[in-house]
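Chemist: The structure follows.
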Amino acid sequence: MANFVLLYSGGSMPETQAEQAQVMEAWGAWFGQLGSALVDGGNPFTPVAKRISKNGSVSDAPAGTASGYSIIKADSLDAAVALAKACPVLLGDAQITVFETFPAM
């Protein structure tokens with residue numbers, strides 16, 4: 001099995017406490033469905049970021065390029081995509097990009 005990073009882009013945060021509770025319940029249910037395939041549930045990102053170039057200069061990164069992540073295990077990229085399709089982040093109009101990671105050396 002390989003690890004896959006689910007990179008979330010865009011989407012919106014729930015506005016009311018009731019909506020927040022509903023979203024948290026959906027995340028809990030999805031994490032439960034993933035079971036041992038869940039490596040790191042991840043976190044949302046703040047809109048503040050910095051970019052470091054190869055010469056060491058630092059600049060503000062554009063907001064909104066990535067909004068969070070999770071890490072899962074799966075047998076293949078297609079299997080990871082199938083698991084990601086049930087992710088609650090999609091309910092908030094976000095998109096998911098699935099990346100396979102190289103094994104640790």
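Chain lettering (A, B, ...) mirrors the order of the structure tokens, residue numbering begins at 1 for each chain separately, and ligand numbering begins at 1 in order of display.
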List every residue of chain A that DSSP, applied to the backbone, labels as strand (DSSP E or B), and write the result as a ChimeraX atom specification.

Modeler: /A:2-10,38-40,44,50-52,58-60,68-74,94-100

Chemist: Output C-alpha atoms for every residue in that selection, as a compact mmCIF listing (two decimals), in the first residue's frame.

Modeler:
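In the end it all went to out_1.txt:
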# COMPACT_ATOMS: atom_id res chain seq x y z
CA ALA A 2 1.13 3.51 -0.74
CA ASN A 3 0.36 6.82 0.92
CA PHE A 4 -1.65 9.43 -0.95
CA VAL A 5 -2.02 13.12 -0.12
CA LEU A 6 -5.47 14.55 -0.75
CA LEU A 7 -4.90 18.27 -1.38
CA TYR A 8 -8.05 20.32 -0.98
CA SER A 9 -8.53 23.52 -3.00
CA GLY A 10 -11.21 26.15 -2.61
CA LEU A 38 -6.55 6.99 7.30
CA VAL A 39 -2.93 7.98 7.94
CA ASP A 40 -3.46 11.65 8.89
CA PRO A 44 -7.59 23.11 6.88
CA LYS A 50 4.79 32.33 2.33
CA ARG A 51 6.69 31.13 -0.72
CA ILE A 52 10.45 30.47 -0.53
CA VAL A 58 10.58 34.90 0.76
CA SER A 59 7.34 36.39 -0.57
CA ASP A 60 3.66 36.23 0.21
CA GLY A 68 -6.27 21.73 3.46
CA TYR A 69 -5.11 18.14 3.24
CA SER A 70 -5.53 14.56 4.42
CA ILE A 71 -3.26 11.53 3.96
CA ILE A 72 -4.65 8.06 3.24
CA LYS A 73 -3.30 4.61 2.31
CA ALA A 74 -4.56 2.77 -0.74
CA ALA A 94 -13.91 22.32 -2.89
CA GLN A 95 -11.86 20.20 -5.25
CA ILE A 96 -9.45 17.38 -4.37
CA THR A 97 -6.17 16.59 -6.08
CA VAL A 98 -4.77 13.16 -5.20
CA PHE A 99 -0.97 12.70 -5.12
CA GLU A 100 0.87 9.43 -4.52

Chemist: As number ranges by chain, list the residues of chain A assigned to helix (DSSP H, G or I) by DSSP on the backbone atoms of this structure.

Modeler: A: 17-37, 77-84, 88-92

Chemist: Have a look at atom CA of A:Ala26 and atom CA of A:Leu91 and let me know their distance in Å, one decimal.

Modeler: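 It comes out at 9.6 Å.
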
Chemist: Find the spatial neighbours of A:Ala61, counting only C-alpha atoms, within a cut-off of 12 Å - ignore same-chain residues fewer than 4 positions away - and output them as an NGL selection string.

Modeler: :A and (46-53 or 65-66)

Chemist: Please provide the set of residues having any atom within 12 Å of A:Met13, restricted to only C-alpha atoms, with same-chain residues fewer than 3 positions apart removed, written as a PyMOL selection string.

Modeler: chain A and resi 10+16-17+19-24+44-46+67-68+88-94

Chemist: Extract, using only C-alpha atoms, all DNA, RNA and protein residues at most 7 Å from stretch 84-86 of chain A, discarding same-chain residues fewer than 3 positions from it, and format them as a VMD selection string.

Modeler: chain A and resid 30 80 to 81

Chemist: Once you have the residues from the selection above, write them out as an mmCIF file, in the first residue's frame, restricted to C-alpha atoms.

Modeler:
data_model
loop_
_atom_site.group_PDB
_atom_site.id
_atom_site.type_symbol
_atom_site.label_atom_id
_atom_site.label_comp_id
_atom_site.auth_asym_id
_atom_site.auth_seq_id
_atom_site.Cartn_x
_atom_site.Cartn_y
_atom_site.Cartn_z
ATOM 1 C CA TRP A 30 -15.893 9.597 6.477
ATOM 2 C CA ALA A 80 -7.291 6.460 -3.477
ATOM 3 C CA VAL A 81 -9.503 8.464 -5.837
#

Chemist: Using Å and a single decimal, report how far atom CA of A:Ala37 sits from atom CA of A:Ala18.

Modeler: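 These atoms are spaced 28.8 Å apart.
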
Chemist: Restricting the calculation to only C-alpha atoms: of A:Gly41, A:Met1, A:Pro14, A:Met105, which residue gets closest to A:Ser76?

Modeler: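 For A:Ser76, the nearest of the given residues is A:Met1.
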